[in-house]
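Okay, structure first, notes after.
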Amino acid sequence: MLDLALARALHVLAVVVWIGGVAMVTTVLLPAIGREVDPARRVDFFESIESSFAWQSRVTTLLAGASGFYLAWRLDLWSRFGEGRFWWMHAMVGLWLVFTAMLFVLEPLVLHRWFRERAANAPERTFRLVTRLHRFLLAASLVTVAGAVAGSHGAF
């Protein structure tokens, strides 16, 4: 039983730090950059700050995934993925897959270079795209967290 309590605690802590970071970037950092930084420098400035945050995102995303899969295995929750009322479990895995792909594959191999090239030609449009992407990811994250909390307490 102690392993389950520890896994749940680690899972919730990882999600709080991970999604809390997404919220901070989306609701505080990006608007501040939009107000205070010259349009031609916004993407570079944002990337310089975000790169120091990337390790935290990678660690917490991995911890959330590992603890979530451990809980699904340990509690034998696999059948829930076949039931619509547990949509929030699909959402958790889907969101985790999106962030994991972005943090470990797309950003280092494709997105970093693509955003730099795009920002050189259209800095304001690129910054708006980054902002919209973060808003979408935050909205999807919040719906997922709310659904998971409500669903794990019997709401659906």
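We label chains A, B, ... in the order they appear in the structure tokens, count residues from 1 in each chain, and number ligands from 1 in the order shown.
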Residues at most 12 Å from Leu138 of chain A, counting only C-alpha atoms, excluding those fewer than 4 positions away in the same chain, as a list in words? Trp18, Ile19, Gly20, Gly21, Val22, Ala23, Met24, Val25, Thr26, Thr27, Leu95, Phe99, Thr131, Arg132, Leu133, His134, Leu142, Val143, Thr144 and Val145 of chain A
Restricting it to C-alpha atoms, dump the selection as an mmCIF file, in the first residue's frame.
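Ended up saving to again-v2.cif:
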```
data_model
loop_
_atom_site.group_PDB
_atom_site.id
_atom_site.type_symbol
_atom_site.label_atom_id
_atom_site.label_comp_id
_atom_site.auth_asym_id
_atom_site.auth_seq_id
_atom_site.Cartn_x
_atom_site.Cartn_y
_atom_site.Cartn_z
ATOM 1 C CA TRP A 18 4.700 20.363 -14.968
ATOM 2 C CA ILE A 19 1.311 21.964 -15.637
ATOM 3 C CA GLY A 20 2.041 24.775 -13.183
ATOM 4 C CA GLY A 21 5.084 25.587 -15.310
ATOM 5 C CA VAL A 22 2.969 25.609 -18.453
ATOM 6 C CA ALA A 23 0.515 27.952 -16.713
ATOM 7 C CA MET A 24 3.297 30.288 -15.549
ATOM 8 C CA VAL A 25 4.821 30.471 -19.026
ATOM 9 C CA THR A 26 1.443 30.979 -20.693
ATOM 10 C CA THR A 27 -0.187 33.455 -18.329
ATOM 11 C CA LEU A 95 -1.502 14.924 -23.130
ATOM 12 C CA PHE A 99 4.331 16.895 -24.248
ATOM 13 C CA THR A 131 1.561 32.136 -27.577
ATOM 14 C CA ARG A 132 -1.437 30.412 -29.210
ATOM 15 C CA LEU A 133 0.268 27.021 -28.949
ATOM 16 C CA HIS A 134 0.923 27.540 -25.245
ATOM 17 C CA LEU A 142 -6.498 22.144 -17.394
ATOM 18 C CA VAL A 143 -9.411 20.202 -18.886
ATOM 19 C CA THR A 144 -7.424 17.003 -18.416
ATOM 20 C CA VAL A 145 -6.489 17.773 -14.802
#
```
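Atom pair atom CA of Ser51 of chain A / atom CA of His112 of chain A has a distance of 10.2 Å (rounded to one decimal).
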Would you please extract all alpha helix (DSSP H) residues from segment 37-75 of chain A, as assigned by DSSP on the backbone, and give them as a ChimeraX atom specification? /A:42-74
Could you give me, as CSV, every segment 40-106 of chain A residue with an atom at most 12 Å from segment 121-129 of chain A, plus its closest atom pair and distance in Å to one decimal, counting only C-alpha atoms, rows ordered by chain then number?
```
residue,atom,partner,partner_atom,distance
A:Ala40,CA,A:Pro123,CA,5.4
A:Arg41,CA,A:Pro123,CA,7.7
A:Arg42,CA,A:Phe127,CA,6.7
A:Val43,CA,A:Phe127,CA,5.9
A:Asp44,CA,A:Pro123,CA,9.5
A:Phe45,CA,A:Phe127,CA,10.5
A:Phe46,CA,A:Phe127,CA,8.9
A:Glu47,CA,A:Phe127,CA,10.7
```
